[in-house]
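Raw coords_10.csv, CSV, C-alpha atoms (C1' of nucleotides):
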chain,number,residue,atom,x,y,z
A,938,MET,CA,-20.1,-4.7,20.6
A,939,ALA,CA,-17.8,-2.1,22.0
A,940,THR,CA,-14.4,-2.9,20.7
A,941,THR,CA,-14.3,-3.1,17.0
A,942,GLU,CA,-12.6,-6.4,16.4
A,943,LEU,CA,-10.2,-5.7,13.6
A,944,ALA,CA,-8.4,-8.9,12.5
A,945,ILE,CA,-4.7,-9.1,13.2
A,946,THR,CA,-2.7,-9.3,10.0
A,947,ILE,CA,0.5,-11.4,10.1
A,948,SER,CA,3.0,-10.7,7.4
A,949,ASP,CA,5.0,-13.5,5.6
A,950,ALA,CA,8.1,-13.0,7.7
A,951,GLU,CA,6.1,-12.8,10.9
A,952,TRP,CA,4.3,-16.0,9.9
A,953,ARG,CA,7.6,-17.9,10.3
A,954,VAL,CA,7.9,-16.7,13.9
A,955,MET,CA,4.4,-17.7,14.7
A,956,ARG,CA,4.8,-21.2,13.3
A,957,ILE,CA,7.7,-21.8,15.7
A,958,VAL,CA,5.7,-20.6,18.7
A,959,TRP,CA,2.6,-22.4,17.7
A,960,THR,CA,4.5,-25.6,17.3
A,961,LEU,CA,6.4,-25.4,20.5
A,962,GLY,CA,3.5,-24.0,22.4
A,963,GLN,CA,5.8,-21.4,23.9
A,964,ALA,CA,9.3,-20.3,23.5
A,965,ASP,CA,11.9,-17.7,24.6
A,966,SER,CA,13.6,-15.5,22.1
A,967,ARG,CA,16.8,-17.5,22.2
A,968,THR,CA,15.0,-20.6,21.0
A,969,ILE,CA,13.1,-18.7,18.3
A,970,ILE,CA,16.2,-17.0,17.0
A,971,GLU,CA,18.2,-20.2,16.9
A,972,LEU,CA,15.5,-22.1,15.0
A,973,LEU,CA,14.9,-19.3,12.5
A,974,GLU,CA,18.6,-18.6,11.9
A,975,GLN,CA,18.8,-22.2,10.6
A,976,GLN,CA,15.8,-21.9,8.3
A,977,HIS,CA,16.6,-18.5,6.8
A,978,ASP,CA,19.7,-16.4,6.8
A,979,TRP,CA,18.1,-13.9,9.0
A,980,LYS,CA,20.2,-12.1,11.6
A,981,ALA,CA,19.2,-12.1,15.2
A,982,PRO,CA,18.1,-8.5,15.3
A,983,THR,CA,15.8,-9.2,12.4
A,984,ILE,CA,14.0,-11.9,14.3
A,985,LYS,CA,13.9,-9.7,17.4
A,986,THR,CA,12.1,-7.1,15.4
A,987,LEU,CA,9.6,-9.6,14.1
A,988,ILE,CA,8.9,-10.8,17.6
A,989,GLY,CA,8.5,-7.3,18.8
A,990,ARG,CA,6.0,-6.5,16.1
A,991,LEU,CA,4.0,-9.6,16.8
A,992,VAL,CA,3.8,-8.7,20.5
A,993,LYS,CA,2.7,-5.2,19.6
A,994,LYS,CA,0.1,-6.6,17.2
A,995,GLY,CA,-1.3,-8.8,19.9
A,996,ALA,CA,-0.4,-12.1,18.2
A,997,LEU,CA,2.1,-13.1,20.9
A,998,GLY,CA,1.8,-12.7,24.6
A,999,THR,CA,4.7,-12.4,27.0
A,1000,THR,CA,5.5,-13.8,30.5
A,1001,LYS,CA,8.5,-12.6,32.4
A,1002,ASN,CA,10.9,-15.4,33.2
A,1003,GLY,CA,13.8,-13.9,35.1
A,1004,ARG,CA,15.6,-11.5,32.8
A,1005,GLN,CA,13.8,-12.7,29.7
A,1006,PHE,CA,10.4,-13.3,28.2
A,1007,ILE,CA,8.5,-16.4,27.3
A,1008,TYR,CA,6.3,-15.9,24.3
A,1009,THR,CA,3.0,-17.6,23.8
A,1010,PRO,CA,0.5,-17.4,20.9
A,1011,LEU,CA,-2.5,-15.3,21.6
A,1012,ILE,CA,-4.2,-16.3,18.4
A,1013,ALA,CA,-5.0,-19.9,17.3
A,1014,GLU,CA,-3.0,-21.3,14.5
A,1015,GLN,CA,-5.9,-23.0,12.8
A,1016,ALA,CA,-8.0,-19.9,13.0
A,1017,ALA,CA,-5.2,-17.8,11.6
A,1018,MET,CA,-4.8,-20.2,8.7
A,1019,ASP,CA,-8.4,-20.4,7.9
A,1020,GLY,CA,-8.8,-16.6,8.0
A,1021,ALA,CA,-5.8,-15.9,5.8
A,1022,LEU,CA,-7.0,-18.4,3.2
A,1023,LEU,CA,-10.6,-17.2,3.2
A,1024,ASN,CA,-9.4,-13.6,3.0
A,1025,GLU,CA,-7.3,-14.4,-0.1
A,1026,LEU,CA,-10.1,-16.4,-1.7
A,1027,ASP,CA,-12.8,-13.9,-0.9
A,1028,GLN,CA,-11.0,-11.2,-2.9
A,1029,MET,CA,-11.1,-13.4,-6.0
A,1030,CYS,CA,-13.9,-13.9,-8.6
A,1031,ALA,CA,-16.5,-16.1,-7.0
A,1032,MET,CA,-17.1,-17.9,-10.2
A,1033,HIS,CA,-13.6,-19.2,-10.4
A,1034,ARG,CA,-13.0,-20.1,-6.7
A,1035,GLY,CA,-14.1,-23.7,-7.2
A,1036,THR,CA,-11.6,-24.3,-9.9
A,1037,ALA,CA,-8.9,-22.7,-7.9
A,1038,LEU,CA,-9.6,-25.0,-5.0
A,1039,VAL,CA,-9.4,-28.0,-7.3
A,1040,HIS,CA,-6.0,-26.9,-8.4
A,1041,VAL,CA,-4.9,-26.2,-4.8
A,1042,MET,CA,-6.1,-29.7,-3.8
A,1043,GLU,CA,-4.2,-31.3,-6.6
A,1044,GLN,CA,-1.0,-29.7,-5.5
A,1045,THR,CA,-1.3,-30.2,-1.8
A,1046,GLU,CA,-0.4,-33.3,0.1
A,1047,LEU,CA,-3.3,-34.4,2.3
A,1048,SER,CA,-3.7,-37.2,4.7
A,1049,LYS,CA,-6.3,-39.9,4.3
A,1050,THR,CA,-8.2,-38.4,7.2
A,1051,ASP,CA,-8.2,-34.9,5.7
A,1052,ILE,CA,-9.3,-36.3,2.3
A,1053,GLN,CA,-12.2,-38.1,4.0
A,1054,SER,CA,-13.3,-35.0,5.9
A,1055,LEU,CA,-13.2,-33.0,2.7
A,1056,ILE,CA,-15.2,-35.6,0.8
A,1057,ASP,CA,-17.8,-35.7,3.6
A,1058,CYS,CA,-18.0,-31.9,3.7
A,1059,LEU,CA,-18.5,-31.8,-0.1
A,1060,ALA,CA,-21.0,-34.6,-0.2
A,1061,GLN,CA,-23.0,-32.7,2.3
A,1062,LYS,CA,-22.9,-29.5,0.3
A,1063,LEU,CA,-23.8,-31.2,-3.0
A,1064,PRO,CA,-27.5,-31.5,-2.6
A,1065,THR,CA,-28.1,-27.8,-1.9
A,1066,ALA,CA,-25.3,-26.5,-4.2
A,1067,PRO,CA,-26.3,-24.1,-7.0
A,1068,ASP,CA,-25.7,-25.2,-10.6
A,1069,MET,CA,-23.4,-22.2,-11.0
A,1070,VAL,CA,-21.9,-19.5,-9.0
A,1071,ASP,CA,-22.0,-16.1,-10.6
A,1072,CYS,CA,-19.1,-13.9,-11.3
A,1073,ASP,CA,-19.0,-11.0,-8.9
A,1074,CYS,CA,-16.2,-8.9,-10.4
A,1075,LEU,CA,-18.4,-6.1,-11.8
A,1076,PRO,CA,-20.6,-3.8,-9.7
A,1077,ASP,CA,-24.3,-4.4,-9.1
A,1078,GLY,CA,-26.2,-5.4,-12.2
A,1079,CYS,CA,-23.3,-5.6,-14.6
A,1080,GLU,CA,-23.4,-9.2,-15.9
A,1081,GLY,CA,-20.0,-10.8,-15.7
A,1082,SER,CA,-19.8,-12.0,-19.3
A,1083,CYS,CA,-17.1,-14.5,-18.5
A,1084,GLU,CA,-17.6,-16.9,-21.4
A,1085,PRO,CA,-14.7,-18.4,-23.4
B,1098,MET,CA,16.6,-21.3,-18.4
B,1099,ALA,CA,18.0,-17.8,-19.0
B,1100,THR,CA,15.5,-15.4,-17.5
B,1101,THR,CA,14.8,-16.2,-13.9
B,1102,GLU,CA,11.0,-16.1,-14.0
B,1103,LEU,CA,10.1,-14.3,-10.8
B,1104,ALA,CA,6.4,-14.4,-10.2
B,1105,ILE,CA,4.4,-11.2,-10.5
B,1106,THR,CA,2.9,-10.2,-7.2
B,1107,ILE,CA,-0.5,-8.4,-7.3
B,1108,SER,CA,-1.5,-6.5,-4.2
B,1109,ASP,CA,-5.1,-6.4,-2.8
B,1110,ALA,CA,-6.0,-3.1,-4.4
B,1111,GLU,CA,-4.4,-4.1,-7.7
B,1112,TRP,CA,-6.4,-7.3,-7.6
B,1113,ARG,CA,-9.6,-5.3,-8.0
B,1114,VAL,CA,-8.3,-3.7,-11.2
B,1115,MET,CA,-7.3,-7.1,-12.6
B,1116,ARG,CA,-10.7,-8.6,-11.9
B,1117,ILE,CA,-12.3,-5.9,-14.0
B,1118,VAL,CA,-10.0,-6.4,-16.9
B,1119,TRP,CA,-10.1,-10.2,-16.6
B,1120,THR,CA,-13.9,-10.2,-16.7
B,1121,LEU,CA,-14.2,-7.7,-19.6
B,1122,GLY,CA,-11.3,-9.2,-21.5
B,1123,GLN,CA,-10.1,-5.8,-22.2
B,1124,ALA,CA,-10.9,-2.3,-21.1
B,1125,ASP,CA,-9.9,1.4,-21.4
B,1126,SER,CA,-9.1,3.4,-18.3
B,1127,ARG,CA,-12.4,5.2,-18.5
B,1128,THR,CA,-14.3,2.0,-18.1
B,1129,ILE,CA,-12.0,0.7,-15.3
B,1130,ILE,CA,-12.3,3.9,-13.4
B,1131,GLU,CA,-16.0,4.1,-13.7
B,1132,LEU,CA,-16.6,0.6,-12.5
B,1133,LEU,CA,-14.2,0.8,-9.6
B,1134,GLU,CA,-15.5,4.2,-8.4
B,1135,GLN,CA,-18.8,2.5,-7.9
B,1136,GLN,CA,-17.4,-0.5,-5.9
B,1137,HIS,CA,-15.0,1.5,-3.7
B,1138,ASP,CA,-14.7,5.1,-2.8
B,1139,TRP,CA,-11.5,5.4,-4.7
B,1140,LYS,CA,-10.6,8.6,-6.6
B,1141,ALA,CA,-9.8,8.4,-10.3
B,1142,PRO,CA,-6.1,9.1,-9.7
B,1143,THR,CA,-5.9,6.2,-7.3
B,1144,ILE,CA,-7.1,3.9,-9.9
B,1145,LYS,CA,-4.8,5.4,-12.5
B,1146,THR,CA,-1.9,4.7,-10.2
B,1147,LEU,CA,-3.0,1.1,-9.8
B,1148,ILE,CA,-3.3,0.6,-13.5
B,1149,GLY,CA,0.1,2.1,-14.1
B,1150,ARG,CA,1.7,-0.2,-11.5
B,1151,LEU,CA,0.1,-3.2,-13.1
B,1152,VAL,CA,1.4,-2.2,-16.5
B,1153,LYS,CA,4.9,-1.8,-15.0
B,1154,LYS,CA,4.7,-5.1,-13.3
B,1155,GLY,CA,3.8,-6.8,-16.5
B,1156,ALA,CA,0.3,-7.9,-15.4
B,1157,LEU,CA,-1.5,-5.7,-18.0
B,1158,GLY,CA,-0.6,-5.0,-21.6
B,1159,THR,CA,-1.5,-1.9,-23.5
B,1160,THR,CA,-2.6,-1.2,-27.0
B,1161,LYS,CA,-2.8,2.3,-28.3
B,1162,ASN,CA,-6.3,3.2,-29.4
B,1163,GLY,CA,-6.2,6.8,-30.7
B,1164,ARG,CA,-5.3,9.0,-27.8
B,1165,GLN,CA,-5.9,6.4,-25.1
B,1166,PHE,CA,-4.9,2.8,-24.2
B,1167,ILE,CA,-6.7,-0.4,-24.1
B,1168,TYR,CA,-5.6,-2.6,-21.3
B,1169,THR,CA,-5.5,-6.4,-21.6
B,1170,PRO,CA,-4.4,-9.0,-19.1
B,1171,LEU,CA,-1.0,-10.5,-19.6
B,1172,ILE,CA,-1.4,-13.1,-16.9
B,1173,ALA,CA,-4.3,-15.6,-16.7
B,1174,GLU,CA,-6.8,-15.1,-14.0
B,1175,GLN,CA,-7.0,-18.8,-13.0
B,1176,ALA,CA,-3.3,-19.1,-12.8
B,1177,ALA,CA,-3.0,-16.0,-10.7
B,1178,MET,CA,-5.7,-17.3,-8.4
B,1179,ASP,CA,-4.1,-20.7,-8.1
B,1180,GLY,CA,-0.7,-19.3,-7.5
B,1181,ALA,CA,-1.8,-16.8,-4.8
B,1182,LEU,CA,-3.7,-19.5,-2.9
B,1183,LEU,CA,-0.9,-22.0,-3.1
B,1184,ASN,CA,1.6,-19.4,-2.0
B,1185,GLU,CA,-0.5,-18.6,1.0
B,1186,LEU,CA,-1.0,-22.3,1.9
B,1187,ASP,CA,2.6,-23.2,1.4
B,1188,GLN,CA,3.8,-20.9,4.0
B,1189,MET,CA,1.6,-22.6,6.6
B,1190,CYS,CA,2.2,-25.7,8.6
B,1191,ALA,CA,1.8,-28.7,6.3
B,1192,MET,CA,0.1,-30.7,9.0
B,1193,HIS,CA,-2.8,-28.3,9.4
B,1194,ARG,CA,-3.4,-27.5,5.7
B,1195,GLY,CA,-6.0,-30.2,5.3
B,1196,THR,CA,-8.1,-28.9,8.1
B,1197,ALA,CA,-7.7,-25.4,6.8
B,1198,LEU,CA,-9.0,-26.5,3.5
B,1199,VAL,CA,-12.0,-28.2,5.1
B,1200,HIS,CA,-12.9,-24.9,6.8
B,1201,VAL,CA,-12.4,-23.0,3.6
B,1202,MET,CA,-14.7,-25.4,1.7
B,1203,GLU,CA,-17.3,-25.1,4.4
B,1204,GLN,CA,-17.4,-21.3,4.0
B,1205,THR,CA,-17.2,-21.1,0.3
B,1206,GLU,CA,-20.1,-21.3,-2.1
B,1207,LEU,CA,-19.4,-23.9,-4.8
B,1208,SER,CA,-21.3,-25.1,-7.8
B,1209,LYS,CA,-22.4,-28.7,-8.2
B,1210,THR,CA,-19.9,-29.1,-10.9
B,1211,ASP,CA,-17.1,-27.7,-8.8
B,1212,ILE,CA,-18.0,-30.0,-5.9
B,1213,GLN,CA,-18.0,-33.0,-8.2
B,1214,SER,CA,-14.6,-32.1,-9.6
B,1215,LEU,CA,-13.3,-31.7,-6.0
B,1216,ILE,CA,-14.7,-35.1,-5.0
B,1217,ASP,CA,-13.2,-36.7,-8.1
B,1218,CYS,CA,-9.9,-35.2,-7.4
B,1219,LEU,CA,-10.0,-36.3,-3.8
B,1220,ALA,CA,-11.1,-39.8,-4.5
B,1221,GLN,CA,-8.2,-40.1,-6.9
B,1222,LYS,CA,-5.8,-39.0,-4.2
B,1223,LEU,CA,-7.2,-41.1,-1.5
B,1224,PRO,CA,-5.5,-44.5,-2.3
B,1225,THR,CA,-2.0,-43.1,-2.3
B,1226,ALA,CA,-2.5,-40.5,0.5
B,1227,PRO,CA,-0.4,-40.8,3.6
B,1228,ASP,CA,-1.9,-41.6,6.9
B,1229,MET,CA,-0.5,-38.3,8.2
B,1230,VAL,CA,1.3,-35.3,6.9
B,1231,ASP,CA,4.1,-34.2,9.2
B,1232,CYS,CA,4.5,-30.7,10.7
B,1233,ASP,CA,7.2,-28.8,8.9
B,1234,CYS,CA,7.4,-25.8,11.2
B,1235,LEU,CA,10.8,-26.6,12.8
B,1236,PRO,CA,14.1,-27.0,11.0
B,1237,ASP,CA,15.4,-30.4,9.8
B,1238,GLY,CA,15.2,-33.1,12.4
B,1239,CYS,CA,13.3,-31.2,15.1
B,1240,GLU,CA,10.2,-33.2,15.5
B,1241,GLY,CA,7.1,-31.0,15.4
B,1242,SER,CA,5.5,-32.1,18.7
B,1243,CYS,CA,2.1,-30.8,17.7
B,1244,GLU,CA,-0.1,-33.0,19.9
B,1245,PRO,CA,-3.1,-31.6,21.8
C,1497,DC,C1',34.1,-5.1,41.7
C,1498,DA,C1',35.1,-4.7,36.7
C,1499,DA,C1',34.5,-6.5,32.1
C,1500,DT,C1',31.7,-9.2,29.2
C,1501,DT,C1',27.6,-11.1,27.5
C,1502,DA,C1',22.9,-11.5,26.4
C,1503,DA,C1',18.0,-9.6,26.2
C,1504,DG,C1',15.0,-6.4,25.0
C,1505,DA,C1',14.3,-1.5,23.1
C,1506,DT,C1',15.4,2.1,19.9
C,1507,DT,C1',16.6,3.7,15.6
C,1508,DA,C1',17.5,3.1,10.6
C,1509,DC,C1',16.5,2.6,6.0
C,1510,DA,C1',14.8,0.8,1.4
C,1511,DT,C1',10.7,-1.2,-0.8
C,1512,DT,C1',5.9,-2.0,-1.4
C,1513,DT,C1',1.3,-0.6,-0.9
C,1514,DG,C1',-2.8,2.5,-0.3
C,1515,DT,C1',-4.3,6.7,-1.6
C,1516,DA,C1',-4.2,10.8,-4.1
C,1517,DA,C1',-2.8,15.6,-6.0
C,1518,DA,C1',-0.5,18.0,-9.7
C,1519,DC,C1',1.2,18.4,-14.3
C,1520,DG,C1',1.7,18.1,-19.3
C,1521,DA,C1',0.2,16.9,-23.8
C,1522,DA,C1',-3.4,15.9,-27.2
C,1523,DG,C1',-8.1,16.5,-29.0
C,1524,DG,C1',-12.5,18.7,-29.4
C,1525,DG,C1',-15.5,22.5,-29.6
C,1526,DA,C1',-16.3,27.6,-29.8
D,85,DT,C1',-6.9,29.3,-33.4
D,86,DC,C1',-7.6,29.1,-28.2
D,87,DC,C1',-9.5,27.1,-24.2
D,88,DC,C1',-11.2,23.1,-21.8
D,89,DT,C1',-11.6,18.3,-21.1
D,90,DT,C1',-9.1,13.9,-20.9
D,91,DC,C1',-5.6,10.7,-20.7
D,92,DG,C1',-1.4,9.3,-19.1
D,93,DT,C1',2.7,10.6,-16.3
D,94,DT,C1',5.1,12.5,-12.4
D,95,DT,C1',5.3,13.5,-7.7
D,96,DA,C1',3.7,12.9,-2.8
D,97,DC,C1',3.3,10.9,1.4
D,98,DA,C1',2.0,7.8,5.3
D,99,DA,C1',1.8,3.0,6.8
D,100,DA,C1',3.5,-1.7,6.5
D,101,DT,C1',7.2,-4.8,5.6
D,102,DG,C1',11.9,-6.8,5.2
D,103,DT,C1',16.1,-6.4,7.1
D,104,DA,C1',19.4,-5.0,10.3
D,105,DA,C1',22.7,-2.0,13.4
D,106,DT,C1',23.1,0.2,17.8
D,107,DC,C1',22.1,1.1,22.5
D,108,DT,C1',20.8,0.2,27.3
D,109,DT,C1',20.5,-2.5,31.0
D,110,DA,C1',20.9,-6.3,33.7
D,111,DA,C1',23.2,-10.6,34.7
D,112,DT,C1',27.4,-13.6,34.4
D,113,DT,C1',32.2,-14.3,35.1
D,114,DG,C1',36.7,-13.7,36.4
Mind converting the file's structure to structure tokens?
Amino acid sequence: MATTELAITISDAEWRVMRIVWTLGQADSRTIIELLEQQHDWKAPTIKTLIGRLVKKGALGTTKNGRQFIYTPLIAEQAAMDGALLNELDQMCAMHRGTALVHVMEQTELSKTDIQSLIDCLAQKLPTAPDMVDCDCLPDGCEGSCEP
Amino acid sequence: MATTELAITISDAEWRVMRIVWTLGQADSRTIIELLEQQHDWKAPTIKTLIGRLVKKGALGTTKNGRQFIYTPLIAEQAAMDGALLNELDQMCAMHRGTALVHVMEQTELSKTDIQSLIDCLAQKLPTAPDMVDCDCLPDGCEGSCEP
DNA sequence: CAATTAAGATTACATTTGTAAACGAAGGGA
DNA sequence: TCCCTTCGTTTACAAATGTAATCTTAATTG
């Protein structure tokens, strides 16, 4: 491919802005600022800065509406969520990822439908799953001696 | 409680150092530097800086061993992993977390044991799970109108 | 038409992070 | 004892991030 697709990174604060726009589908700055001023004690200029950075990053698109802009998401919420979580998980020890996911599950509220999807997904993986996933914290042949 | 326990944050680069020390249980800087120089093209001083920052943050402890130090983890790997993932997930829309976890599952290699633990955990949650988890992206009473 | 308001753009500044060079002290070998 | 290798410490510097004031311009209002 020609253009090297480097993933957009969204910072924590910027994530708050994206959530508003994702949820509303589109929004002008007035709306975004009003909603975020309620949730955080951010000043309007702070939020304007975040919006500006997101536009520059290509996470938000703009449409002129008279004097102002209407902002729309240029990246999908679910894809951004999946990517952020996978990134985080991928930088951790492969051997311990499963346990981490168990702990995350335990502490996350899930709908019946979500739970069913997860169970289905897991049931499908089970037959071909390895007995153990090796630690990948050390280079090449160094055995990760991660015993207790 | 007296001391307000503010969680230690470990950056991506620092995470690499922690993984070495977690896996080995303890290590001197020589060992850490040698291992990391293989995995990344980091210079020794870079790795020294990272080690220094982790000590200052309280993530690594030191024991004097002659002229040099032996570094040991002061925080548990699994707890750090769990916390980092939960933090990430918690800043995302509650309604979409389940789907994100499905996608993460699909793309993560898990052992049979892990899968079984996850299924057990999910089966246990199922009876009391809600039919739906509401979107929490907008303040207070604003209904998250997240329909397709 | 003048004064005010609101929207976006520019500038600001401290902290964290990635990445590394330079420096100083302590041991080891000649 | 003197130099060189190591180790840890100090300093460096750009980019990203959190947080915000100021400025410019265009529209609203009297």
Using all atoms listed in the file, select each residue of chain D with any atom at most 12 Å away from an atom of chain A, and give the selection as number ranges by chain. D: 100-106, 109-111
Determine, for each residue of chain C having at least one atom at most 12 Å from an atom of chain B, the closest pair of atoms and their separation in Å to one decimal, counting all atoms listed in the file; order by chain and ascending number, as JSON lines.
{"residue": "C:DT1512", "atom": "C1'", "partner": "B:Ser1108", "partner_atom": "CA", "distance": 9.1}
{"residue": "C:DT1513", "atom": "C1'", "partner": "B:Ser1108", "partner_atom": "CA", "distance": 7.3}
{"residue": "C:DG1514", "atom": "C1'", "partner": "B:Ala1110", "partner_atom": "CA", "distance": 7.6}
{"residue": "C:DT1515", "atom": "C1'", "partner": "B:Thr1143", "partner_atom": "CA", "distance": 5.9}
{"residue": "C:DA1516", "atom": "C1'", "partner": "B:Thr1143", "partner_atom": "CA", "distance": 5.9}
{"residue": "C:DA1517", "atom": "C1'", "partner": "B:Pro1142", "partner_atom": "CA", "distance": 8.2}
{"residue": "C:DA1518", "atom": "C1'", "partner": "B:Pro1142", "partner_atom": "CA", "distance": 10.5}
{"residue": "C:DA1521", "atom": "C1'", "partner": "B:Arg1164", "partner_atom": "CA", "distance": 10.4}
{"residue": "C:DA1522", "atom": "C1'", "partner": "B:Arg1164", "partner_atom": "CA", "distance": 7.2}
{"residue": "C:DG1523", "atom": "C1'", "partner": "B:Arg1164", "partner_atom": "CA", "distance": 8.1}
Can you measure CA of Thr999 in chain A to CA of Leu1235 in chain B for me? One decimal in Å is fine. 21.0 Å
Any idea what the distance is between CA of Cys1218 in chain B and CA of Arg1113 in chain B? 29.9 Å
Taking only C-alpha atoms into account, which of B:Ala1124, B:Val1152, B:Ala1226, B:Leu1215 comes nearest Tyr1168 in chain B?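 The answer is B:Ala1124, which sits nearest to Tyr1168 in chain B.
CA of Leu1059 in chain A lies 19.4 Å from CA of Leu1182 in chain B.
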Using all atoms listed in the file, which of the listed residues (A:Ile947, A:Ile957, A:Leu991, A:Ala1013) sits closest to chain B?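 Checking each candidate against chain B, we get A:Ile957 as the closest.
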For chain A, which residue out of B:Lys1145, B:Arg1150, B:Lys1161, B:His1137 is the nearest one, using all atoms listed in the file?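 Counting all atoms listed in the file, the residue closest to chain A is B:His1137.
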Of the residues C:DG1525, C:DC1497, C:DG1520, C:DT1507, which is the one nearest to DT93 in chain D, using all atoms listed in the file? C:DG1520
Nearest-residue call for chain A, choices B:Ala1177, B:Val1114, B:Ile1216, B:Ile1148, using all atoms listed in the file: B:Ile1216
I'd like the contact shell of range 1036-1052 of chain A - 9 Å cut-off, all atoms listed in the file, skipping same-chain residues fewer than 5 positions apart - returned as a ChimeraX atom specification. /A:1026,1057 /B:1175-1176,1178-1180,1182-1183,1186-1187,1191-1192,1194-1196,1198-1199,1202,1211-1212,1214-1215,1218-1220,1222-1230
Which one of A:Gln1061, A:Thr946, A:Thr1009, A:Ser966 sits closest to chain B if you count all atoms listed in the file? A:Gln1061
